[in-house]
$ cat start_8.cif   # mmCIF, C-alpha atoms (C1' of nucleotides)
data_input
loop_
_atom_site.label_atom_id
_atom_site.label_comp_id
_atom_site.auth_asym_id
_atom_site.auth_seq_id
_atom_site.Cartn_x
_atom_site.Cartn_y
_atom_site.Cartn_z
CA MET Q 1 0.00 0.00 0.00
CA GLU Q 2 2.78 2.44 0.85
CA ARG Q 3 4.27 1.94 -2.58
CA GLU Q 4 1.13 3.34 -4.16
CA LEU Q 5 1.10 6.20 -1.68
CA LEU Q 6 4.64 7.03 -2.63
CA LEU Q 7 3.93 7.06 -6.36
CA LEU Q 8 0.75 9.10 -5.94
CA GLY Q 9 2.55 11.53 -3.65
CA LEU Q 10 5.32 12.14 -6.14
CA LEU Q 11 2.84 12.54 -8.99
CA GLN Q 12 0.87 15.00 -6.90
CA GLN Q 13 3.91 17.26 -6.81
CA GLN Q 14 4.55 17.00 -10.54
CA GLU Q 15 3.70 14.68 -13.38
CA MET Q 16 6.40 12.19 -14.23
CA HIS Q 17 7.05 9.05 -16.24
CA GLY Q 18 7.94 5.64 -14.87
CA TYR Q 19 11.67 5.79 -15.23
CA GLN Q 20 11.84 9.20 -13.58
CA LEU Q 21 9.75 8.01 -10.63
CA HIS Q 22 11.95 5.00 -10.13
CA GLU Q 23 15.06 7.13 -10.35
CA PHE Q 24 13.82 9.49 -7.68
CA ILE Q 25 12.73 6.75 -5.35
CA ASP Q 26 15.93 4.82 -5.83
CA SER Q 27 18.13 7.77 -5.05
CA TYR Q 28 16.27 9.56 -2.29
CA MET Q 29 13.93 7.08 -0.71
CA GLN Q 30 15.56 3.67 -0.83
CA THR Q 31 15.44 3.81 2.95
CA CYS Q 32 11.69 3.81 3.36
CA VAL Q 33 10.54 1.70 0.44
CA ASP Q 34 12.38 -0.63 -1.88
CA LEU Q 35 10.64 -0.29 -5.23
CA LYS Q 36 12.06 -2.00 -8.28
CA LYS Q 37 11.66 -0.50 -11.69
CA SER Q 38 9.37 -3.23 -12.96
CA THR Q 39 7.18 -2.91 -9.87
CA ALA Q 40 6.85 0.81 -10.50
CA TYR Q 41 5.66 0.19 -14.04
CA TYR Q 42 3.24 -2.47 -12.85
CA LEU Q 43 1.74 -0.19 -10.21
CA LEU Q 44 1.47 2.73 -12.59
CA GLU Q 45 -0.47 0.61 -15.06
CA LYS Q 46 -2.73 -0.67 -12.31
CA MET Q 47 -3.43 2.75 -10.88
CA ALA Q 48 -4.15 4.03 -14.38
CA LYS Q 49 -6.63 1.19 -14.84
CA ASP Q 50 -8.19 2.16 -11.50
CA GLY Q 51 -8.54 5.75 -12.68
CA PHE Q 52 -6.19 7.35 -10.15
CA ILE Q 53 -3.71 8.55 -12.73
CA THR Q 54 -3.81 9.21 -16.48
CA PRO Q 55 -1.00 8.73 -18.96
CA SER Q 56 -0.24 11.12 -21.76
CA GLU Q 57 2.28 10.60 -24.52
CA GLU Q 58 5.29 12.83 -24.43
CA ARG Q 59 8.37 13.08 -26.56
CA GLU Q 60 11.65 14.69 -25.59
CA GLY Q 61 14.16 15.33 -28.32
CA ASN Q 62 14.70 12.34 -30.53
CA ARG Q 63 13.78 9.65 -27.99
CA PRO Q 64 10.76 7.40 -28.38
CA THR Q 65 7.56 8.65 -26.77
CA ARG Q 66 6.95 7.78 -23.15
CA GLN Q 67 3.98 7.70 -20.82
CA VAL Q 68 3.84 10.70 -18.51
CA TYR Q 69 1.40 10.18 -15.66
CA SER Q 70 -0.55 12.80 -13.77
CA LEU Q 71 -3.04 12.58 -10.91
CA THR Q 72 -6.77 12.57 -11.60
CA PRO Q 73 -9.21 14.04 -9.05
CA ALA Q 74 -9.91 10.46 -7.88
CA GLY Q 75 -6.17 10.02 -7.51
CA GLU Q 76 -5.94 13.14 -5.38
CA THR Q 77 -8.62 11.74 -3.09
CA ARG Q 78 -6.93 8.34 -3.00
CA PHE Q 79 -3.61 9.98 -2.14
CA LEU Q 80 -5.07 11.80 0.84
CA GLU Q 81 -6.85 8.65 1.98
CA LEU Q 82 -3.65 6.60 1.87
CA LEU Q 83 -1.69 9.40 3.49
CA ARG Q 84 -4.09 9.67 6.41
CA GLU Q 85 -4.02 5.95 6.91
CA ASN Q 86 -0.24 5.77 6.75
CA LEU Q 87 0.26 8.62 9.20
CA SER Q 88 -2.17 7.30 11.77
CA THR Q 89 -0.83 3.73 11.69
CA PHE Q 90 2.33 2.38 13.22
CA LEU Q 91 3.92 0.20 10.56
CA PRO Q 92 6.85 -1.53 12.21
CA ALA Q 93 10.15 -1.56 10.37
CA LEU Q 94 11.39 -5.08 9.73
CA PHE Q 95 14.97 -6.08 10.49
CA PRO Q 96 16.07 -8.81 8.12
CA GLY Q 97 19.52 -8.59 9.70
CA ASP Q 98 18.09 -9.76 13.01
CA THR Q 99 17.47 -13.18 11.57
CA GLY Q 100 21.17 -13.83 11.66
CA ILE Q 101 21.50 -12.28 15.13
CA THR Q 102 18.96 -14.82 16.36
CA PHE Q 103 21.32 -17.64 15.42
CA LEU Q 104 24.55 -15.92 16.41
CA ASP Q 105 25.41 -18.66 18.89
CA LYS Q 106 25.54 -21.28 16.15
CA LEU Q 107 28.97 -19.99 15.13
CA PRO Q 108 32.23 -19.76 17.12
CA GLN Q 109 32.49 -16.37 18.86
CA SER Q 110 35.61 -15.37 16.97
CA GLU Q 111 33.97 -15.95 13.60
CA ALA Q 112 30.78 -14.23 14.68
CA ILE Q 113 32.78 -11.18 15.73
CA ALA Q 114 34.63 -11.06 12.43
CA LEU Q 115 31.42 -11.29 10.42
CA LEU Q 116 29.73 -8.59 12.47
CA GLN Q 117 32.72 -6.34 11.99
CA THR Q 118 32.19 -6.58 8.25
CA ARG Q 119 28.56 -5.67 8.81
CA ARG Q 120 29.65 -2.76 10.96
CA GLU Q 121 31.79 -1.33 8.16
CA ALA Q 122 28.86 -1.41 5.75
CA LEU Q 123 26.58 0.22 8.30
CA ALA Q 124 29.11 2.93 9.09
CA ALA Q 125 29.42 3.65 5.36
CA GLU Q 126 25.65 3.99 5.06
CA LEU Q 127 25.54 6.39 7.97
CA ASP Q 128 28.31 8.41 6.44
CA ARG Q 129 26.50 8.64 3.14
CA ALA Q 130 23.29 9.70 4.88
CA GLU Q 131 25.03 12.34 6.98
CA LYS Q 132 26.68 13.84 3.93
CA ALA Q 133 23.52 13.94 1.81
CA PRO Q 134 22.50 17.44 0.70
CA VAL Q 135 19.79 19.09 2.77
CA HIS Q 136 16.32 18.95 1.26
CA THR Q 137 13.30 21.07 1.96
CA GLY Q 138 10.06 20.26 3.72
CA SER Q 139 9.01 16.89 4.99
CA LEU Q 140 11.48 14.97 2.88
CA GLN Q 141 14.21 16.37 5.09
CA LEU Q 142 12.33 15.09 8.11
CA MET Q 143 12.51 11.58 6.71
CA ILE Q 144 16.21 11.92 5.96
CA GLU Q 145 16.90 13.02 9.51
CA HIS Q 146 14.91 10.09 10.79
CA GLN Q 147 17.17 7.79 8.83
CA ILE Q 148 20.27 9.38 10.30
CA VAL Q 149 18.95 9.06 13.84
CA HIS Q 150 18.07 5.45 13.15
CA LEU Q 151 21.42 4.55 11.60
CA ARG Q 152 23.30 6.11 14.52
CA SER Q 153 21.27 4.08 16.95
CA GLU Q 154 21.92 0.94 14.91
CA LEU Q 155 25.65 1.57 14.88
CA ASP Q 156 25.64 2.04 18.65
CA TRP Q 157 23.75 -1.17 19.14
CA LEU Q 158 25.99 -3.17 16.83
CA ASP Q 159 29.08 -1.89 18.64
CA HIS Q 160 27.44 -2.90 21.88
CA VAL Q 161 26.88 -6.44 20.57
CA ILE Q 162 30.42 -6.74 19.24
CA ASN Q 163 31.85 -5.53 22.56
CA HIS Q 164 29.66 -7.90 24.48
CA LEU Q 165 30.85 -10.80 22.31
CA THR Q 166 34.46 -9.74 22.58
CA GLU Q 167 34.35 -9.60 26.37
CA GLN Q 168 33.01 -13.14 26.48
CA ALA Q 169 36.08 -14.36 24.59
CA MET K 170 16.69 -15.08 1.56
CA GLU K 171 16.37 -14.35 5.28
CA ARG K 172 13.08 -16.20 5.35
CA GLU K 173 14.83 -19.39 4.33
CA LEU K 174 17.56 -18.75 6.88
CA LEU K 175 14.95 -18.39 9.55
CA LEU K 176 13.19 -21.63 8.67
CA LEU K 177 16.44 -23.55 8.38
CA GLY K 178 17.65 -22.11 11.68
CA LEU K 179 14.54 -23.17 13.53
CA LEU K 180 14.64 -26.62 11.98
CA GLN K 181 18.28 -26.94 12.97
CA GLN K 182 17.26 -26.60 16.60
CA GLN K 183 14.46 -29.14 16.30
CA GLU K 184 12.33 -30.68 13.60
CA MET K 185 8.93 -29.07 13.20
CA HIS K 186 5.96 -28.95 10.87
CA GLY K 187 4.73 -25.97 8.92
CA TYR K 188 2.09 -24.72 11.26
CA GLN K 189 4.42 -24.92 14.25
CA LEU K 190 7.09 -22.95 12.42
CA HIS K 191 4.65 -20.27 11.45
CA GLU K 192 3.31 -20.07 14.98
CA PHE K 193 6.75 -19.56 16.43
CA ILE K 194 7.74 -16.96 13.89
CA ASP K 195 4.49 -15.11 14.26
CA SER K 196 4.70 -14.90 18.02
CA TYR K 197 8.39 -14.32 18.64
CA MET K 198 9.87 -12.96 15.47
CA GLN K 199 7.28 -10.82 13.76
CA THR K 200 9.69 -7.96 14.28
CA CYS K 201 12.47 -9.22 12.08
CA VAL K 202 10.59 -11.05 9.35
CA ASP K 203 6.97 -11.04 8.34
CA LEU K 204 6.26 -14.55 7.13
CA LYS K 205 2.72 -15.57 6.25
CA LYS K 206 1.55 -19.13 6.75
CA SER K 207 1.17 -19.83 3.06
CA THR K 208 4.66 -18.49 2.39
CA ALA K 209 6.07 -20.81 5.02
CA TYR K 210 4.45 -23.81 3.36
CA TYR K 211 5.67 -22.70 -0.03
CA LEU K 212 9.25 -22.29 1.17
CA LEU K 213 9.24 -25.60 2.99
CA GLU K 214 8.15 -27.39 -0.15
CA LYS K 215 10.78 -25.60 -2.18
CA MET K 216 13.57 -26.32 0.26
CA ALA K 217 12.49 -29.96 0.38
CA LYS K 218 12.69 -30.08 -3.43
CA ASP K 219 16.16 -28.54 -3.18
CA GLY K 220 17.21 -31.25 -0.73
CA PHE K 221 17.83 -28.99 2.28
CA ILE K 222 15.11 -30.51 4.41
CA THR K 223 13.20 -33.79 4.38
CA PRO K 224 9.59 -34.31 5.39
CA SER K 225 8.40 -37.31 7.37
CA GLU K 226 4.81 -38.17 8.12
CA GLU K 227 3.78 -37.85 11.72
CA ARG K 228 0.52 -38.35 13.49
CA GLU K 229 -0.46 -36.93 16.86
CA GLY K 230 -3.53 -38.35 18.52
CA ASN K 231 -6.45 -38.55 16.17
CA ARG K 232 -5.47 -35.72 13.87
CA PRO K 233 -4.61 -36.21 10.21
CA THR K 234 -0.93 -36.85 9.49
CA ARG K 235 1.28 -33.88 8.91
CA GLN K 236 4.68 -33.24 7.37
CA VAL K 237 7.44 -32.83 9.93
CA TYR K 238 10.58 -31.40 8.40
CA SER K 239 14.15 -31.93 9.52
CA LEU K 240 17.47 -30.63 8.19
CA THR K 241 19.55 -32.72 5.84
CA PRO K 242 23.37 -32.43 5.83
CA ALA K 243 23.03 -30.20 2.75
CA GLY K 244 20.55 -28.11 4.73
CA GLU K 245 23.00 -27.75 7.59
CA THR K 246 25.60 -26.45 5.15
CA ARG K 247 23.09 -24.14 3.53
CA PHE K 248 22.05 -22.80 6.93
CA LEU K 249 25.62 -21.91 7.86
CA GLU K 250 26.17 -20.34 4.45
CA LEU K 251 23.10 -18.14 4.76
CA LEU K 252 23.92 -17.30 8.37
CA ARG K 253 27.42 -16.16 7.48
CA GLU K 254 26.10 -14.05 4.67
CA ASN K 255 23.39 -12.50 6.80
CA LEU K 256 25.75 -11.64 9.65
CA SER K 257 28.39 -10.08 7.45
CA THR K 258 25.93 -7.96 5.47
CA PHE K 259 24.15 -4.80 6.49
CA LEU K 260 20.54 -5.24 5.42
CA PRO K 261 18.83 -1.91 6.03
CA ALA K 262 15.48 -1.97 7.77
CA LEU K 263 12.77 -0.35 5.68
CA PHE K 264 10.38 2.22 7.15
CA PRO K 265 7.06 2.07 5.37
CA GLY K 266 5.79 4.65 7.86
CA ASP K 267 8.26 7.16 6.48
CA THR K 268 6.37 7.33 3.23
CA GLY K 269 3.65 9.26 4.99
CA ILE K 270 6.18 11.42 6.83
CA THR K 271 7.58 12.47 3.47
CA PHE K 272 4.22 14.00 2.55
CA LEU K 273 3.39 15.36 5.97
CA ASP K 274 3.15 18.91 4.66
CA LYS K 275 0.29 18.00 2.33
CA LEU K 276 -2.10 18.07 5.29
CA PRO K 277 -3.00 20.91 7.68
CA GLN K 278 -0.69 20.85 10.74
CA SER K 279 -3.51 20.23 13.17
CA GLU K 280 -4.70 17.16 11.31
CA ALA K 281 -1.17 15.87 10.86
CA ILE K 282 -0.60 16.17 14.60
CA ALA K 283 -3.79 14.30 15.41
CA LEU K 284 -2.93 11.47 13.02
CA LEU K 285 0.58 11.15 14.38
CA GLN K 286 -0.77 11.02 17.89
CA THR K 287 -2.77 7.96 16.91
CA ARG K 288 0.38 6.44 15.52
CA ARG K 289 2.17 7.30 18.73
CA GLU K 290 -0.35 5.35 20.78
CA ALA K 291 0.13 2.24 18.65
CA LEU K 292 3.89 2.56 18.87
CA ALA K 293 3.80 3.01 22.63
CA ALA K 294 1.64 -0.10 22.91
CA GLU K 295 4.15 -2.09 20.86
CA LEU K 296 6.99 -0.92 23.05
CA ASP K 297 5.05 -1.89 26.11
CA ARG K 298 4.38 -5.34 24.76
CA ALA K 299 8.04 -5.81 23.89
CA GLU K 300 9.25 -4.63 27.28
CA LYS K 301 6.93 -7.01 29.08
CA ALA K 302 7.84 -10.05 26.98
CA PRO K 303 9.35 -12.92 28.98
CA VAL K 304 13.13 -13.18 28.88
CA HIS K 305 14.49 -15.77 26.48
CA THR K 306 17.86 -17.45 26.42
CA GLY K 307 20.75 -17.07 24.02
CA SER K 308 20.80 -15.00 20.90
CA LEU K 309 17.05 -14.73 20.63
CA GLN K 310 17.12 -12.48 23.67
CA LEU K 311 19.69 -10.33 21.90
CA MET K 312 17.23 -9.76 19.07
CA ILE K 313 14.42 -8.95 21.49
CA GLU K 314 16.57 -6.35 23.23
CA HIS K 315 17.44 -4.88 19.87
CA GLN K 316 13.76 -4.43 19.19
CA ILE K 317 13.24 -2.68 22.50
CA VAL K 318 16.13 -0.31 21.89
CA HIS K 319 14.78 0.41 18.45
CA LEU K 320 11.20 1.02 19.56
CA ARG K 321 12.36 3.40 22.30
CA SER K 322 14.35 5.36 19.79
CA GLU K 323 11.35 5.45 17.46
CA LEU K 324 9.08 6.73 20.20
CA ASP K 325 11.57 9.46 21.04
CA TRP K 326 11.78 10.51 17.44
CA LEU K 327 8.03 10.54 16.93
CA ASP K 328 7.58 12.69 20.03
CA HIS K 329 10.21 15.01 18.66
CA VAL K 330 8.32 15.33 15.38
CA ILE K 331 5.01 15.93 17.10
CA ASN K 332 6.55 18.59 19.33
CA HIS K 333 8.19 20.24 16.39
CA LEU K 334 4.86 20.35 14.56
CA THR K 335 3.03 21.60 17.62
CA GLU K 336 5.46 24.47 18.14
CA GLN K 337 4.95 25.60 14.55
CA ALA K 338 1.22 25.99 15.20
"C1'" DA G 339 33.04 9.18 -38.81
"C1'" DT G 340 32.87 5.34 -35.78
"C1'" DC G 341 33.12 2.85 -31.72
"C1'" DT G 342 32.17 2.05 -26.77
"C1'" DG G 343 30.11 2.32 -22.64
"C1'" DA G 344 26.67 4.60 -19.90
"C1'" DA G 345 22.04 6.34 -19.43
"C1'" DT G 346 17.24 6.08 -20.70
"C1'" DA G 347 12.95 3.59 -20.97
"C1'" DG G 348 10.91 0.10 -20.82
"C1'" DT G 349 8.89 -5.51 -21.37
"C1'" DC G 350 8.15 -10.14 -19.90
"C1'" DA G 351 8.21 -14.82 -17.95
"C1'" DA G 352 9.07 -16.75 -13.78
"C1'" DA G 353 9.26 -16.60 -8.79
"C1'" DT G 354 7.24 -15.21 -4.74
"C1'" DT G 355 3.68 -13.70 -1.61
"C1'" DT G 356 -0.83 -13.11 -0.17
"C1'" DG G 357 -5.66 -13.50 1.36
"C1'" DA G 358 -9.47 -16.23 1.33
"C1'" DC G 359 -10.96 -20.57 1.81
"C1'" DT G 360 -11.48 -25.56 3.60
"C1'" DA G 361 -11.82 -29.07 6.92
"C1'" DA G 362 -10.90 -31.66 10.86
"C1'" DT G 363 -10.42 -31.76 15.91
"C1'" DC G 364 -10.80 -30.12 20.47
"C1'" DA G 365 -12.63 -27.74 24.81
"C1'" DG G 366 -16.26 -26.10 27.22
"C1'" DG G 367 -20.86 -25.08 28.30
"C1'" DT G 368 -25.76 -26.74 28.49
"C1'" DA H 369 -25.23 -36.09 23.86
"C1'" DC H 370 -24.95 -31.93 21.23
"C1'" DC H 371 -23.71 -27.40 19.87
"C1'" DT H 372 -20.36 -23.54 19.37
"C1'" DG H 373 -16.37 -21.30 18.79
"C1'" DA H 374 -11.42 -21.65 18.91
"C1'" DT H 375 -7.31 -24.05 17.39
"C1'" DT H 376 -4.79 -26.79 14.24
"C1'" DA H 377 -3.23 -27.69 9.61
"C1'" DG H 378 -3.26 -26.88 5.53
"C1'" DT H 379 -4.61 -25.63 -0.03
"C1'" DC H 380 -5.18 -22.70 -3.94
"C1'" DA H 381 -6.04 -19.03 -7.31
"C1'" DA H 382 -4.88 -14.52 -7.80
"C1'" DA H 383 -1.91 -10.59 -6.96
"C1'" DT H 384 2.50 -8.86 -6.60
"C1'" DT H 385 7.43 -8.62 -7.18
"C1'" DT H 386 11.58 -9.67 -9.27
"C1'" DG H 387 15.59 -10.38 -12.32
"C1'" DA H 388 16.99 -10.77 -16.76
"C1'" DC H 389 16.48 -9.08 -21.08
"C1'" DT H 390 15.77 -5.63 -25.10
"C1'" DA H 391 16.38 -1.54 -27.61
"C1'" DT H 392 17.30 3.20 -28.36
"C1'" DT H 393 19.97 7.36 -27.64
"C1'" DC H 394 23.71 10.05 -25.96
"C1'" DA H 395 28.63 11.56 -24.75
"C1'" DG H 396 33.19 11.16 -25.29
"C1'" DA H 397 37.35 8.90 -27.06
"C1'" DT H 398 39.83 7.56 -31.19
#
$ encode --input "start_8.cif" --output "structure tokens"
Amino acid sequence: MERELLLLGLLQQQEMHGYQLHEFIDSYMQTCVDLKKSTAYYLLEKMAKDGFITPSEEREGNRPTRQVYSLTPAGETRFLELLRENLSTFLPALFPGDTGITFLDKLPQSEAIALLQTRREALAAELDRAEKAPVHTGSLQLMIEHQIVHLRSELDWLDHVINHLTEQA
Amino acid sequence: MERELLLLGLLQQQEMHGYQLHEFIDSYMQTCVDLKKSTAYYLLEKMAKDGFITPSEEREGNRPTRQVYSLTPAGETRFLELLRENLSTFLPALFPGDTGITFLDKLPQSEAIALLQTRREALAAELDRAEKAPVHTGSLQLMIEHQIVHLRSELDWLDHVINHLTEQA
DNA sequence: ATCTGAATAGTCAAATTTGACTAATCAGGT
DNA sequence: ACCTGATTAGTCAAATTTGACTATTCAGAT
């Protein structure tokens, strides 16, 4: 559901075509929703069929025409409906990385520590990237700051786990 | 991939049947992976076909027989392989709730505040539930504590956002 | 002028995931 | 002894999601 909200929300700000939407999402929002290109196209077609958005042919330069989508009045209503629902609900974030943590004791401590250190590097790099990202305006910036807060807290926790494991050895 | 790791990991501790696996995951691990019953059955069948687990018929009392799965040697290897990969990788948690945050400014402040307060209640309830959960042993407890740390940090952040919004009004 | 690799803009079959449904058994009340 | 609702254990068609593939255009090097 939040994928549709995201697409509608972006289209509400300005009309765009599929590739453009995917580009934006992939570069600025990979942290809240993971939306593959083919999924974006699928959803756009579906929402068009449902009457929430309408395509119009557009041609830029020499390139083949592409479908540019814009919100219909029904789409505007749908957007607000999904937005209200999203904001009032607590949708827990899932931690696929915790699956491994659950079975940490199935490996020798020393190996577990080494593996987690590799994870730590990747996490630190993510945090770095997020902290360096250019400042945006409005609510988007709010989301970016949320990510930074979250990543810091994750890094702290991971260090805590690694220390804990190291002390045991 | 982490869904398969989870199933293999649980089966490595003791053989189980589909329903039992789903029950366990749904009650103790909904926070790291969301695995529906039908997905569990699908994955079990697939992993059986791949030779990682083997089913054996079992009957309890009067009930119809059911498939109890146990790890094969190949499954044991696969489990360790997936575990190593999971531990060494940083798999970012996704925040579907941030989609709404991104479009917060599309609603009047007062309504946004009210909606977020509803979200806050749900989040606080989750935290409460997590804090009251019985203590487990081993690495599972580690994951549970991670969840608590995370939920506290989320509650803090949400309060921060609500305050910020309230001050603006 | 041509070649090469990157960027743009998608399509499609296959894999995965879901929700809705079925059906049997059990526990408790009446 | 019978009824009712919860629990157990699953199945299945439909919806969604993905990865791999295609094809065109553009920018820069040669």
$ resolve_selection --input "start_8.cif" --expression "the PyMOL selection byres ((chain K and resi 232) around 10)" --output "PyMOL selection string"
(chain K and resi 227-231+233-235) or (chain G and resi 362-363) or (chain H and resi 376-377)
$ resolve_selection --input "start_8.cif" --expression "the PyMOL selection byres ((chain G and resi 341-350) around 7)" --output "VMD selection string"
(chain Q and resid 19) or (chain G and resid 340 351)
$ atom_distance --input "start_8.cif" --atom1 "CA of Met198 in chain K" --atom2 "CA of Ala125 in chain Q"
27.6 Å
$ closest_atom_pairs --input "start_8.cif" --of "chain G" --to "chain K" --cutoff "12 Å" --atoms "only C-alpha atoms (C1' of nucleotides)" --output "JSON lines"
{"residue": "G:DA353", "atom": "C1'", "partner": "K:Tyr211", "partner_atom": "CA", "distance": 11.3}
{"residue": "G:DT354", "atom": "C1'", "partner": "K:Thr208", "partner_atom": "CA", "distance": 8.3}
{"residue": "G:DT355", "atom": "C1'", "partner": "K:Thr208", "partner_atom": "CA", "distance": 6.3}
{"residue": "G:DT356", "atom": "C1'", "partner": "K:Ser207", "partner_atom": "CA", "distance": 7.7}
{"residue": "G:DG357", "atom": "C1'", "partner": "K:Ser207", "partner_atom": "CA", "distance": 9.5}
{"residue": "G:DA358", "atom": "C1'", "partner": "K:Ser207", "partner_atom": "CA", "distance": 11.4}
{"residue": "G:DA361", "atom": "C1'", "partner": "K:Pro233", "partner_atom": "CA", "distance": 10.7}
{"residue": "G:DA362", "atom": "C1'", "partner": "K:Arg232", "partner_atom": "CA", "distance": 7.4}
{"residue": "G:DT363", "atom": "C1'", "partner": "K:Arg232", "partner_atom": "CA", "distance": 6.7}
{"residue": "G:DC364", "atom": "C1'", "partner": "K:Arg232", "partner_atom": "CA", "distance": 10.2}
$ atom_distance --input "start_8.cif" --atom1 "CA of Gln189 in chain K" --atom2 "C1' of DC359 in chain G"
20.3 Å
$ closest_residue --input "start_8.cif" --among "K:Thr306, K:Thr246, K:Ser225, K:Thr200" --to "chain Q" --atoms "all atoms listed in the file"
K:Thr200
$ interface_residues --input "start_8.cif" --of "chain Q" --to "chain K" --cutoff "7 Å" --atoms "all atoms listed in the file" --output "ChimeraX atom specification"
/Q:2,6,9,31-33,83-84,86-91,93-105,115-116,118-119,122-123,139-140,143
$ interface_residues --input "start_8.cif" --of "chain H" --to "chain Q" --cutoff "9 Å" --atoms "only C-alpha atoms (C1' of nucleotides)" --output "number ranges by chain"
H: 384-386, 392-393
$ resolve_selection --input "start_8.cif" --expression "the PyMOL selection byres ((chain G and resi 368) around 10)" --output "list in words"
DG366 and DG367 of chain G; DC370 and DC371 of chain H
$ atom_distance --input "start_8.cif" --atom1 "CA of Gln168 in chain Q" --atom2 "CA of Glu250 in chain K"
24.2 Å
$ closest_residue --input "start_8.cif" --among "Q:Asp156, Q:Glu15, Q:Glu23, Q:Asp128" --to "Thr72 in chain Q" --atoms "all atoms listed in the file"
Q:Glu15
$ build_atoms --input "start_8.cif" --residues "range 102-107 of chain Q" --atoms "all heavy atoms" --output "tab-separated table (two decimals), keeping the file's coordinate frame"
chain	number	residue	atom	x	y	z
Q	102	THR	N	19.68	-13.79	15.60
Q	102	THR	CA	18.96	-14.82	16.36
Q	102	THR	C	19.75	-16.13	16.45
Q	102	THR	O	19.61	-16.88	17.40
Q	102	THR	CB	17.59	-15.08	15.70
Q	102	THR	OG1	16.87	-13.85	15.63
Q	102	THR	CG2	16.78	-16.08	16.48
Q	103	PHE	N	20.57	-16.38	15.43
Q	103	PHE	CA	21.32	-17.64	15.42
Q	103	PHE	C	22.81	-17.42	15.63
Q	103	PHE	O	23.63	-18.28	15.28
Q	103	PHE	CB	21.06	-18.39	14.11
Q	103	PHE	CG	19.61	-18.69	13.88
Q	103	PHE	CD1	18.93	-18.11	12.83
Q	103	PHE	CD2	18.93	-19.54	14.74
Q	103	PHE	CE1	17.58	-18.38	12.61
Q	103	PHE	CE2	17.58	-19.81	14.54
Q	103	PHE	CZ	16.91	-19.23	13.48
Q	104	LEU	N	23.14	-16.29	16.21
Q	104	LEU	CA	24.55	-15.92	16.41
Q	104	LEU	C	25.32	-17.01	17.14
Q	104	LEU	O	26.48	-17.27	16.85
Q	104	LEU	CB	24.57	-14.62	17.23
Q	104	LEU	CG	25.81	-13.76	17.18
Q	104	LEU	CD1	26.15	-13.41	15.75
Q	104	LEU	CD2	25.59	-12.49	18.00
Q	105	ASP	N	24.69	-17.68	18.07
Q	105	ASP	CA	25.41	-18.66	18.89
Q	105	ASP	C	25.65	-19.99	18.17
Q	105	ASP	O	26.20	-20.91	18.75
Q	105	ASP	CB	24.69	-18.88	20.23
Q	105	ASP	CG	23.20	-19.08	20.05
Q	105	ASP	OD1	22.76	-19.40	18.92
Q	105	ASP	OD2	22.46	-18.90	21.04
Q	106	LYS	N	25.25	-20.06	16.91
Q	106	LYS	CA	25.54	-21.28	16.15
Q	106	LYS	C	26.93	-21.24	15.53
Q	106	LYS	O	27.36	-22.20	14.90
Q	106	LYS	CB	24.51	-21.48	15.02
Q	106	LYS	CG	23.08	-21.52	15.48
Q	106	LYS	CD	22.78	-22.74	16.31
Q	106	LYS	CE	21.38	-22.65	16.88
Q	106	LYS	NZ	21.11	-23.76	17.81
Q	107	LEU	N	27.61	-20.12	15.67
Q	107	LEU	CA	28.97	-19.99	15.13
Q	107	LEU	C	29.94	-19.74	16.28
Q	107	LEU	O	29.55	-19.21	17.32
Q	107	LEU	CB	29.04	-18.81	14.15
Q	107	LEU	CG	28.28	-18.92	12.82
Q	107	LEU	CD1	28.41	-17.63	12.03
Q	107	LEU	CD2	28.80	-20.10	12.01
